[in-house]
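Asker: Got a file for you: data-v5.cif, mmCIF, N, CA and C atoms.
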```
data_target
#
loop_
_atom_site.label_atom_id
_atom_site.label_comp_id
_atom_site.auth_asym_id
_atom_site.auth_seq_id
_atom_site.Cartn_x
_atom_site.Cartn_y
_atom_site.Cartn_z
N MET A 1 179.16 56.64 139.69
CA MET A 1 179.09 57.78 138.80
C MET A 1 177.63 58.07 138.48
N ASN A 2 177.25 59.33 138.58
CA ASN A 2 175.92 59.78 138.21
C ASN A 2 175.95 60.17 136.74
N THR A 3 175.14 59.53 135.92
CA THR A 3 175.21 59.76 134.48
C THR A 3 174.25 60.84 134.01
N GLY A 4 173.59 61.57 134.91
CA GLY A 4 172.67 62.63 134.52
C GLY A 4 173.41 63.87 134.07
N ILE A 5 174.10 63.79 132.94
CA ILE A 5 174.92 64.88 132.44
C ILE A 5 174.04 65.86 131.67
N GLU A 6 174.17 67.13 131.97
CA GLU A 6 173.43 68.16 131.26
C GLU A 6 174.15 68.50 129.96
N LEU A 7 173.36 68.69 128.89
CA LEU A 7 173.96 69.03 127.61
C LEU A 7 174.72 70.34 127.66
N LYS A 8 174.22 71.29 128.44
CA LYS A 8 174.90 72.58 128.55
C LYS A 8 176.31 72.40 129.10
N ARG A 9 176.46 71.61 130.12
CA ARG A 9 177.79 71.38 130.70
C ARG A 9 178.66 70.56 129.76
N LEU A 10 178.05 69.65 129.04
CA LEU A 10 178.80 68.88 128.05
C LEU A 10 179.33 69.82 126.96
N HIS A 11 178.52 70.78 126.56
CA HIS A 11 178.95 71.78 125.58
C HIS A 11 180.10 72.60 126.14
N HIS A 12 180.04 72.98 127.41
CA HIS A 12 181.13 73.73 128.04
C HIS A 12 182.41 72.90 128.04
N PHE A 13 182.29 71.63 128.31
CA PHE A 13 183.45 70.73 128.27
C PHE A 13 184.10 70.77 126.88
N VAL A 14 183.30 70.67 125.83
CA VAL A 14 183.83 70.69 124.46
C VAL A 14 184.48 72.03 124.16
N LEU A 15 183.86 73.12 124.57
CA LEU A 15 184.45 74.44 124.33
C LEU A 15 185.82 74.56 124.98
N LEU A 16 185.93 74.12 126.22
CA LEU A 16 187.22 74.23 126.91
C LEU A 16 188.25 73.29 126.27
N ALA A 17 187.82 72.12 125.85
CA ALA A 17 188.74 71.21 125.18
C ALA A 17 189.25 71.82 123.88
N GLU A 18 188.40 72.55 123.18
CA GLU A 18 188.81 73.19 121.92
C GLU A 18 189.71 74.39 122.15
N GLU A 19 189.41 75.17 123.14
CA GLU A 19 190.15 76.42 123.38
C GLU A 19 191.38 76.24 124.26
N CYS A 20 191.34 75.27 125.17
CA CYS A 20 192.42 75.08 126.16
C CYS A 20 192.71 76.37 126.91
N ASN A 21 191.66 77.16 127.11
CA ASN A 21 191.79 78.45 127.78
C ASN A 21 190.42 78.81 128.35
N PHE A 22 190.35 79.00 129.68
CA PHE A 22 189.07 79.29 130.32
C PHE A 22 188.45 80.60 129.84
N THR A 23 189.26 81.63 129.65
CA THR A 23 188.73 82.93 129.25
C THR A 23 188.07 82.85 127.87
N ARG A 24 188.77 82.29 126.91
CA ARG A 24 188.22 82.19 125.56
C ARG A 24 187.00 81.27 125.51
N ALA A 25 187.07 80.16 126.22
CA ALA A 25 185.93 79.23 126.24
C ALA A 25 184.72 79.88 126.90
N ALA A 26 184.94 80.62 127.97
CA ALA A 26 183.83 81.32 128.65
C ALA A 26 183.21 82.35 127.72
N GLU A 27 184.04 83.05 126.97
CA GLU A 27 183.53 84.03 126.01
C GLU A 27 182.66 83.35 124.96
N ARG A 28 183.11 82.22 124.45
CA ARG A 28 182.32 81.49 123.46
C ARG A 28 180.99 81.01 124.03
N ALA A 29 180.98 80.71 125.32
CA ALA A 29 179.75 80.25 125.99
C ALA A 29 178.88 81.42 126.46
N ASN A 30 179.37 82.65 126.27
CA ASN A 30 178.67 83.85 126.75
C ASN A 30 178.45 83.81 128.25
N LEU A 31 179.48 83.40 128.97
CA LEU A 31 179.43 83.34 130.43
C LEU A 31 180.64 84.07 131.00
N SER A 32 180.52 84.46 132.26
CA SER A 32 181.69 84.98 132.95
C SER A 32 182.65 83.82 133.16
N GLN A 33 183.92 84.14 133.35
CA GLN A 33 184.89 83.08 133.57
C GLN A 33 184.56 82.31 134.85
N THR A 34 184.08 83.02 135.86
CA THR A 34 183.73 82.37 137.13
C THR A 34 182.59 81.37 136.93
N ALA A 35 181.54 81.79 136.24
CA ALA A 35 180.40 80.89 135.99
C ALA A 35 180.83 79.70 135.14
N PHE A 36 181.67 79.96 134.15
CA PHE A 36 182.15 78.88 133.29
C PHE A 36 182.99 77.89 134.09
N SER A 37 183.88 78.40 134.93
CA SER A 37 184.71 77.52 135.76
C SER A 37 183.86 76.66 136.68
N ARG A 38 182.81 77.25 137.24
CA ARG A 38 181.89 76.48 138.10
C ARG A 38 181.19 75.38 137.31
N SER A 39 180.83 75.68 136.08
CA SER A 39 180.18 74.68 135.23
C SER A 39 181.11 73.50 134.97
N ILE A 40 182.36 73.80 134.65
CA ILE A 40 183.34 72.73 134.40
C ILE A 40 183.57 71.92 135.67
N GLN A 41 183.67 72.60 136.81
CA GLN A 41 183.88 71.88 138.07
C GLN A 41 182.68 70.99 138.38
N ALA A 42 181.47 71.49 138.15
CA ALA A 42 180.27 70.68 138.39
C ALA A 42 180.23 69.48 137.45
N PHE A 43 180.68 69.68 136.21
CA PHE A 43 180.75 68.59 135.24
C PHE A 43 181.69 67.50 135.74
N GLU A 44 182.88 67.89 136.18
CA GLU A 44 183.85 66.92 136.69
C GLU A 44 183.33 66.26 137.97
N ASP A 45 182.68 67.03 138.83
CA ASP A 45 182.11 66.46 140.05
C ASP A 45 181.06 65.41 139.71
N ARG A 46 180.22 65.71 138.73
CA ARG A 46 179.15 64.80 138.32
C ARG A 46 179.74 63.48 137.79
N LEU A 47 180.82 63.60 137.02
CA LEU A 47 181.48 62.41 136.48
C LEU A 47 182.32 61.68 137.51
N ALA A 48 182.72 62.42 138.54
CA ALA A 48 183.63 61.89 139.57
C ALA A 48 184.99 61.54 138.97
N VAL A 49 185.40 62.34 137.97
CA VAL A 49 186.71 62.15 137.35
C VAL A 49 187.18 63.49 136.80
N ARG A 50 188.48 63.73 136.86
CA ARG A 50 189.05 64.95 136.27
C ARG A 50 189.21 64.76 134.78
N VAL A 51 188.70 65.71 134.01
CA VAL A 51 188.84 65.62 132.56
C VAL A 51 189.82 66.66 132.03
N PHE A 52 190.27 67.57 132.90
CA PHE A 52 191.26 68.57 132.51
C PHE A 52 192.38 68.62 133.54
N ASP A 53 193.61 68.77 133.04
CA ASP A 53 194.75 69.13 133.87
C ASP A 53 194.90 70.63 133.75
N ARG A 54 194.95 71.30 134.88
CA ARG A 54 195.05 72.75 134.89
C ARG A 54 196.41 73.16 135.40
N GLY A 55 197.10 73.94 134.62
CA GLY A 55 198.35 74.53 135.05
C GLY A 55 198.13 76.01 135.30
N THR A 56 199.16 76.72 135.65
CA THR A 56 199.00 78.15 135.89
C THR A 56 198.68 78.90 134.62
N ARG A 57 199.14 78.40 133.50
CA ARG A 57 198.87 79.08 132.23
C ARG A 57 198.31 78.16 131.16
N SER A 58 198.01 76.93 131.52
CA SER A 58 197.54 76.00 130.49
C SER A 58 196.44 75.09 131.02
N VAL A 59 195.66 74.62 130.08
CA VAL A 59 194.61 73.64 130.36
C VAL A 59 194.73 72.58 129.28
N ARG A 60 194.70 71.33 129.68
CA ARG A 60 194.73 70.27 128.67
C ARG A 60 193.91 69.09 129.16
N LEU A 61 193.45 68.32 128.22
CA LEU A 61 192.63 67.15 128.54
C LEU A 61 193.45 66.08 129.23
N THR A 62 192.83 65.42 130.19
CA THR A 62 193.42 64.21 130.76
C THR A 62 193.11 63.06 129.79
N ALA A 63 193.62 61.90 130.08
CA ALA A 63 193.31 60.72 129.26
C ALA A 63 191.80 60.46 129.27
N ALA A 64 191.17 60.62 130.42
CA ALA A 64 189.71 60.44 130.51
C ALA A 64 188.99 61.47 129.66
N GLY A 65 189.46 62.71 129.68
CA GLY A 65 188.86 63.76 128.88
C GLY A 65 188.99 63.49 127.40
N GLN A 66 190.13 62.95 126.99
CA GLN A 66 190.34 62.62 125.59
C GLN A 66 189.37 61.53 125.14
N GLN A 67 189.13 60.55 126.01
CA GLN A 67 188.18 59.48 125.69
C GLN A 67 186.77 60.03 125.55
N LEU A 68 186.43 61.01 126.34
CA LEU A 68 185.08 61.56 126.36
C LEU A 68 184.81 62.54 125.22
N LEU A 69 185.81 63.23 124.72
CA LEU A 69 185.62 64.35 123.81
C LEU A 69 184.86 63.97 122.53
N GLU A 70 185.28 62.97 121.83
CA GLU A 70 184.61 62.64 120.56
C GLU A 70 183.17 62.19 120.79
N LYS A 71 182.95 61.44 121.85
CA LYS A 71 181.58 61.01 122.18
C LYS A 71 180.72 62.21 122.54
N ALA A 72 181.30 63.16 123.24
CA ALA A 72 180.56 64.37 123.61
C ALA A 72 180.18 65.16 122.36
N ARG A 73 181.10 65.30 121.43
CA ARG A 73 180.80 65.99 120.18
C ARG A 73 179.68 65.30 119.41
N ARG A 74 179.74 63.98 119.35
CA ARG A 74 178.70 63.22 118.65
C ARG A 74 177.34 63.42 119.30
N LEU A 75 177.31 63.34 120.63
CA LEU A 75 176.05 63.49 121.35
C LEU A 75 175.47 64.89 121.15
N LEU A 76 176.30 65.91 121.20
CA LEU A 76 175.82 67.28 120.99
C LEU A 76 175.30 67.46 119.56
N SER A 77 175.96 66.86 118.59
CA SER A 77 175.50 66.92 117.21
C SER A 77 174.14 66.23 117.07
N GLN A 78 173.99 65.09 117.71
CA GLN A 78 172.72 64.38 117.66
C GLN A 78 171.61 65.18 118.33
N ALA A 79 171.93 65.86 119.41
CA ALA A 79 170.94 66.69 120.10
C ALA A 79 170.50 67.85 119.20
N ARG A 80 171.46 68.47 118.48
CA ARG A 80 171.10 69.54 117.53
C ARG A 80 170.22 68.99 116.42
N ASP A 81 170.57 67.82 115.89
CA ASP A 81 169.76 67.20 114.84
C ASP A 81 168.34 66.93 115.33
N LEU A 82 168.22 66.42 116.53
CA LEU A 82 166.91 66.14 117.10
C LEU A 82 166.11 67.43 117.26
N GLY A 83 166.77 68.49 117.71
CA GLY A 83 166.09 69.78 117.85
C GLY A 83 165.56 70.28 116.52
N ARG A 84 166.35 70.14 115.47
CA ARG A 84 165.89 70.56 114.13
C ARG A 84 164.70 69.71 113.67
N GLU A 85 164.77 68.40 113.91
CA GLU A 85 163.66 67.53 113.55
C GLU A 85 162.39 67.91 114.29
N MET A 86 162.54 68.19 115.58
CA MET A 86 161.37 68.57 116.37
C MET A 86 160.79 69.88 115.88
N ASP A 87 161.65 70.82 115.50
CA ASP A 87 161.17 72.09 114.94
C ASP A 87 160.42 71.83 113.63
N GLY A 88 160.93 70.95 112.80
CA GLY A 88 160.28 70.63 111.55
C GLY A 88 158.92 70.00 111.77
N ILE A 89 158.82 69.12 112.73
CA ILE A 89 157.54 68.48 113.05
C ILE A 89 156.55 69.53 113.57
N ALA A 90 157.01 70.40 114.46
CA ALA A 90 156.15 71.42 115.03
C ALA A 90 155.67 72.40 113.95
N ASN A 91 156.54 72.74 113.00
CA ASN A 91 156.16 73.68 111.96
C ASN A 91 155.29 73.06 110.88
N ALA A 92 155.29 71.72 110.79
CA ALA A 92 154.47 71.03 109.79
C ALA A 92 153.00 70.99 110.20
N ASP A 93 152.74 71.13 111.49
CA ASP A 93 151.34 71.08 111.97
C ASP A 93 150.59 72.34 111.67
#
```
Kindly present the structure from the file in structure tokens form.

Answerer:
Amino acid sequence: MNTGIELKRLHHFVLLAEECNFTRAAERANLSQTAFSRSIQAFEDRLAVRVFDRGTRSVRLTAAGQQLLEKARRLLSQARDLGREMDGIANAD
């Protein structure tokens, strides 16, 4: 497994997990559905594991996706916190 996960794709994973719908998740990401689908596929390819079960009308997390979701949310929150801290440091100079 290649662990070089991009935060943008991790964010897309969380959006799709929350929406369980590619169209709505793509809208939240401000992407076309095609671009969003490619991002999710690249994310799964990078992990070498499926994190979503896709049906004709539904999307749901696999067991692996469920294990990843809370950690992904935590990591994204920490990244936002770090960004705010860096902004504060830059503005203090």

Asker: Work out how far CA of Asp81 in chain A is from CA of Arg38 in chain A, in Å to one decimal.

Answerer: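 CA of Asp81 in chain A lies at a distance of 27.8 Å from CA of Arg38 in chain A.
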
Asker: Can you report as JSON the centre and edge lengths in Å, to one decimal, of an axis-aligned box around the listed atoms of range 7-16 of chain A padded with 8 Å on each side?

Answerer:
```
{"center_x": 180.8, "center_y": 71.6, "center_z": 127.4, "size_x": 30.9, "size_y": 21.9, "size_z": 22.5}
```

Asker: Would you mind reading off the distance between atom C of Phe52 in chain A and atom C of Ala79 in chain A, one decimal, in Å?

Answerer: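 If I compute the distance from atom C of Phe52 in chain A to atom C of Ala79 in chain A, I get 26.2 Å.
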
Asker: Taking only C-alpha atoms into account, name the residue in A:Thr56, A:Ser39, A:Thr34, A:Gln67 that is nearest to Leu15 in chain A.

Answerer: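 Result for the nearest residue to Leu15 in chain A: A:Ser39.
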
Asker: So, counting all atoms listed in the file, which residue among A:Ala17, A:Glu70, A:Gly55, A:Phe22 is closest to Ser37 in chain A?

Answerer: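 Closest to Ser37 in chain A, using all atoms listed in the file: A:Phe22.
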
Asker: Find the residues around Thr62 in chain A up to 6.5 Å (only N, CA and C atoms counted), leave out those fewer than 6 positions away in its own chain, and share them as a list in words.

Answerer: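 Result of the neighbour search: Arg50, Val51, Phe52 and Asp53 of chain A.
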
Asker: Go ahead and write the selection's residues with N, CA and C atoms as a PDB file, in the frame of the given file.

Answerer:
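Once everything was written out, this is out-v8.pdb:
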```
ATOM      1  N   ARG A  50     188.480  63.730 136.860  1.00  0.00           N
ATOM      2  CA  ARG A  50     189.050  64.950 136.270  1.00  0.00           C
ATOM      3  C   ARG A  50     189.210  64.760 134.780  1.00  0.00           C
ATOM      4  N   VAL A  51     188.700  65.710 134.010  1.00  0.00           N
ATOM      5  CA  VAL A  51     188.840  65.620 132.560  1.00  0.00           C
ATOM      6  C   VAL A  51     189.820  66.660 132.030  1.00  0.00           C
ATOM      7  N   PHE A  52     190.270  67.570 132.900  1.00  0.00           N
ATOM      8  CA  PHE A  52     191.260  68.570 132.510  1.00  0.00           C
ATOM      9  C   PHE A  52     192.380  68.620 133.540  1.00  0.00           C
ATOM     10  N   ASP A  53     193.610  68.770 133.040  1.00  0.00           N
ATOM     11  CA  ASP A  53     194.750  69.130 133.870  1.00  0.00           C
ATOM     12  C   ASP A  53     194.900  70.630 133.750  1.00  0.00           C
TER      13      ASP A  53
END
```

Asker: Got a sec to tell me which of range 30-76 of chain A DSSP assigns to alpha helix (DSSP H), as a list in words?

Answerer: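 Taking range 30-76 of chain A and keeping alpha helix (DSSP H) gives Gln33, Thr34, Ala35, Phe36, Ser37, Arg38, Ser39, Ile40, Gln41, Ala42, Phe43, Glu44, Asp45, Arg46, Leu47, Ala63, Ala64, Gly65, Gln66, Gln67, Leu68, Leu69, Glu70, Lys71, Ala72, Arg73, Arg74, Leu75 and Leu76 of chain A.
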
Asker: Measure the distance from atom N of Gly88 in chain A to atom C of Arg73 in chain A in Å and round it to one decimal.

Answerer: 20.7 Å

Asker: Just list the residues in range 20-60 of chain A DSSP gives strand (DSSP E) on the backbone, as a JSON list (two decimals) with N, CA and C atoms, in the coordinates of the input.

Answerer:
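Written file, selection-v8.json:
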```
[["chain", "number", "residue", "atom", "x", "y", "z"],
["A", 52, "PHE", "N", 190.27, 67.57, 132.90],
["A", 52, "PHE", "CA", 191.26, 68.57, 132.51],
["A", 52, "PHE", "C", 192.38, 68.62, 133.54],
["A", 53, "ASP", "N", 193.61, 68.77, 133.04],
["A", 53, "ASP", "CA", 194.75, 69.13, 133.87],
["A", 53, "ASP", "C", 194.90, 70.63, 133.75],
["A", 54, "ARG", "N", 194.95, 71.30, 134.88],
["A", 54, "ARG", "CA", 195.05, 72.75, 134.89],
["A", 54, "ARG", "C", 196.41, 73.16, 135.40],
["A", 59, "VAL", "N", 195.66, 74.62, 130.08],
["A", 59, "VAL", "CA", 194.61, 73.64, 130.36],
["A", 59, "VAL", "C", 194.73, 72.58, 129.28],
["A", 60, "ARG", "N", 194.70, 71.33, 129.68],
["A", 60, "ARG", "CA", 194.73, 70.27, 128.67],
["A", 60, "ARG", "C", 193.91, 69.09, 129.16]]
```

Asker: Check what the PyMOL selection byres ((chain A and resi 9-13) around 7) selects in the file above and give those residues as number ranges by chain.

Answerer: A: 5-8, 14-18, 29, 39-40, 43, 72

Asker: Rank nothing, just name the residue among A:Val59, A:Val49, A:Leu82, A:Leu76 nearest to Glu19 in chain A, using all atoms listed in the file.

Answerer: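 For Glu19 in chain A, the nearest of the given residues is A:Val59.
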
Asker: Residues within 7 Å of Phe36 in chain A, please, as a ChimeraX atom specification. Count only N, CA and C atoms; anything in the same chain fewer than 4 positions from it doesn't count.

Answerer: /A:25-26,31-32,40-41

Asker: Could I see range 6-17 of chain A restored to all heavy atoms, set down as a PDB file, in the frame of the given file?

Answerer:
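The resulting result.pdb:
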```
ATOM      1  N   GLU A   6     174.170  67.130 131.970  1.00  0.00           N
ATOM      2  CA  GLU A   6     173.430  68.160 131.260  1.00  0.00           C
ATOM      3  C   GLU A   6     174.150  68.500 129.960  1.00  0.00           C
ATOM      4  O   GLU A   6     175.372  68.614 129.928  1.00  0.00           O
ATOM      5  CB  GLU A   6     173.325  69.412 132.123  1.00  0.00           C
ATOM      6  CG  GLU A   6     172.548  69.217 133.398  1.00  0.00           C
ATOM      7  CD  GLU A   6     172.571  70.455 134.267  1.00  0.00           C
ATOM      8  OE1 GLU A   6     172.803  71.568 133.749  1.00  0.00           O
ATOM      9  OE2 GLU A   6     172.351  70.298 135.468  1.00  0.00           O
ATOM     10  N   LEU A   7     173.360  68.690 128.890  1.00  0.00           N
ATOM     11  CA  LEU A   7     173.960  69.030 127.610  1.00  0.00           C
ATOM     12  C   LEU A   7     174.720  70.340 127.660  1.00  0.00           C
ATOM     13  O   LEU A   7     175.749  70.498 127.013  1.00  0.00           O
ATOM     14  CB  LEU A   7     172.885  69.070 126.518  1.00  0.00           C
ATOM     15  CG  LEU A   7     172.265  67.735 126.135  1.00  0.00           C
ATOM     16  CD1 LEU A   7     171.182  67.940 125.080  1.00  0.00           C
ATOM     17  CD2 LEU A   7     173.312  66.762 125.645  1.00  0.00           C
ATOM     18  N   LYS A   8     174.220  71.290 128.440  1.00  0.00           N
ATOM     19  CA  LYS A   8     174.900  72.580 128.550  1.00  0.00           C
ATOM     20  C   LYS A   8     176.310  72.400 129.100  1.00  0.00           C
ATOM     21  O   LYS A   8     177.269  72.958 128.553  1.00  0.00           O
ATOM     22  CB  LYS A   8     174.093  73.514 129.464  1.00  0.00           C
ATOM     23  CG  LYS A   8     174.744  74.863 129.705  1.00  0.00           C
ATOM     24  CD  LYS A   8     173.886  75.738 130.604  1.00  0.00           C
ATOM     25  CE  LYS A   8     173.833  75.164 131.992  1.00  0.00           C
ATOM     26  NZ  LYS A   8     173.187  76.041 132.975  1.00  0.00           N
ATOM     27  N   ARG A   9     176.460  71.610 130.120  1.00  0.00           N
ATOM     28  CA  ARG A   9     177.790  71.380 130.700  1.00  0.00           C
ATOM     29  C   ARG A   9     178.660  70.560 129.760  1.00  0.00           C
ATOM     30  O   ARG A   9     179.876  70.757 129.688  1.00  0.00           O
ATOM     31  CB  ARG A   9     177.677  70.731 132.070  1.00  0.00           C
ATOM     32  CG  ARG A   9     177.130  71.723 133.081  1.00  0.00           C
ATOM     33  CD  ARG A   9     177.423  71.329 134.493  1.00  0.00           C
ATOM     34  NE  ARG A   9     177.050  72.413 135.375  1.00  0.00           N
ATOM     35  CZ  ARG A   9     176.138  72.326 136.325  1.00  0.00           C
ATOM     36  NH1 ARG A   9     175.513  71.183 136.531  1.00  0.00           N
ATOM     37  NH2 ARG A   9     175.870  73.364 137.081  1.00  0.00           N
ATOM     38  N   LEU A  10     178.050  69.650 129.040  1.00  0.00           N
ATOM     39  CA  LEU A  10     178.800  68.880 128.050  1.00  0.00           C
ATOM     40  C   LEU A  10     179.330  69.820 126.960  1.00  0.00           C
ATOM     41  O   LEU A  10     180.476  69.698 126.527  1.00  0.00           O
ATOM     42  CB  LEU A  10     177.909  67.802 127.448  1.00  0.00           C
ATOM     43  CG  LEU A  10     178.586  66.711 126.649  1.00  0.00           C
ATOM     44  CD1 LEU A  10     179.553  65.901 127.512  1.00  0.00           C
ATOM     45  CD2 LEU A  10     177.541  65.790 126.036  1.00  0.00           C
ATOM     46  N   HIS A  11     178.520  70.780 126.560  1.00  0.00           N
ATOM     47  CA  HIS A  11     178.950  71.780 125.580  1.00  0.00           C
ATOM     48  C   HIS A  11     180.100  72.600 126.140  1.00  0.00           C
ATOM     49  O   HIS A  11     181.082  72.873 125.433  1.00  0.00           O
ATOM     50  CB  HIS A  11     177.760  72.679 125.227  1.00  0.00           C
ATOM     51  CG  HIS A  11     178.099  73.773 124.282  1.00  0.00           C
ATOM     52  ND1 HIS A  11     178.499  73.554 122.985  1.00  0.00           N
ATOM     53  CD2 HIS A  11     178.099  75.108 124.447  1.00  0.00           C
ATOM     54  CE1 HIS A  11     178.736  74.717 122.398  1.00  0.00           C
ATOM     55  NE2 HIS A  11     178.505  75.679 123.269  1.00  0.00           N
ATOM     56  N   HIS A  12     180.040  72.980 127.410  1.00  0.00           N
ATOM     57  CA  HIS A  12     181.130  73.730 128.040  1.00  0.00           C
ATOM     58  C   HIS A  12     182.410  72.900 128.040  1.00  0.00           C
ATOM     59  O   HIS A  12     183.503  73.440 127.782  1.00  0.00           O
ATOM     60  CB  HIS A  12     180.755  74.142 129.460  1.00  0.00           C
ATOM     61  CG  HIS A  12     179.613  75.097 129.507  1.00  0.00           C
ATOM     62  ND1 HIS A  12     178.948  75.397 130.673  1.00  0.00           N
ATOM     63  CD2 HIS A  12     179.014  75.847 128.542  1.00  0.00           C
ATOM     64  CE1 HIS A  12     177.990  76.269 130.405  1.00  0.00           C
ATOM     65  NE2 HIS A  12     178.009  76.551 129.118  1.00  0.00           N
ATOM     66  N   PHE A  13     182.290  71.630 128.310  1.00  0.00           N
ATOM     67  CA  PHE A  13     183.450  70.730 128.270  1.00  0.00           C
ATOM     68  C   PHE A  13     184.100  70.770 126.880  1.00  0.00           C
ATOM     69  O   PHE A  13     185.322  70.920 126.760  1.00  0.00           O
ATOM     70  CB  PHE A  13     183.017  69.302 128.639  1.00  0.00           C
ATOM     71  CG  PHE A  13     183.969  68.232 128.181  1.00  0.00           C
ATOM     72  CD1 PHE A  13     185.191  68.061 128.808  1.00  0.00           C
ATOM     73  CD2 PHE A  13     183.646  67.406 127.114  1.00  0.00           C
ATOM     74  CE1 PHE A  13     186.081  67.077 128.379  1.00  0.00           C
ATOM     75  CE2 PHE A  13     184.513  66.426 126.689  1.00  0.00           C
ATOM     76  CZ  PHE A  13     185.738  66.260 127.319  1.00  0.00           C
ATOM     77  N   VAL A  14     183.300  70.670 125.830  1.00  0.00           N
ATOM     78  CA  VAL A  14     183.830  70.690 124.460  1.00  0.00           C
ATOM     79  C   VAL A  14     184.480  72.030 124.160  1.00  0.00           C
ATOM     80  O   VAL A  14     185.569  72.079 123.567  1.00  0.00           O
ATOM     81  CB  VAL A  14     182.725  70.343 123.437  1.00  0.00           C
ATOM     82  CG1 VAL A  14     183.207  70.572 122.015  1.00  0.00           C
ATOM     83  CG2 VAL A  14     182.273  68.896 123.612  1.00  0.00           C
ATOM     84  N   LEU A  15     183.860  73.120 124.570  1.00  0.00           N
ATOM     85  CA  LEU A  15     184.450  74.440 124.330  1.00  0.00           C
ATOM     86  C   LEU A  15     185.820  74.560 124.980  1.00  0.00           C
ATOM     87  O   LEU A  15     186.768  75.046 124.356  1.00  0.00           O
ATOM     88  CB  LEU A  15     183.524  75.544 124.853  1.00  0.00           C
ATOM     89  CG  LEU A  15     182.223  75.776 124.105  1.00  0.00           C
ATOM     90  CD1 LEU A  15     181.391  76.839 124.821  1.00  0.00           C
ATOM     91  CD2 LEU A  15     182.489  76.168 122.668  1.00  0.00           C
ATOM     92  N   LEU A  16     185.930  74.120 126.220  1.00  0.00           N
ATOM     93  CA  LEU A  16     187.220  74.230 126.910  1.00  0.00           C
ATOM     94  C   LEU A  16     188.250  73.290 126.270  1.00  0.00           C
ATOM     95  O   LEU A  16     189.417  73.668 126.131  1.00  0.00           O
ATOM     96  CB  LEU A  16     187.067  73.937 128.397  1.00  0.00           C
ATOM     97  CG  LEU A  16     188.315  74.147 129.245  1.00  0.00           C
ATOM     98  CD1 LEU A  16     188.901  75.551 129.085  1.00  0.00           C
ATOM     99  CD2 LEU A  16     188.021  73.857 130.717  1.00  0.00           C
ATOM    100  N   ALA A  17     187.820  72.120 125.850  1.00  0.00           N
ATOM    101  CA  ALA A  17     188.740  71.210 125.180  1.00  0.00           C
ATOM    102  C   ALA A  17     189.250  71.820 123.880  1.00  0.00           C
ATOM    103  O   ALA A  17     190.422  71.648 123.522  1.00  0.00           O
ATOM    104  CB  ALA A  17     188.045  69.876 124.890  1.00  0.00           C
TER     105      ALA A  17
END
```
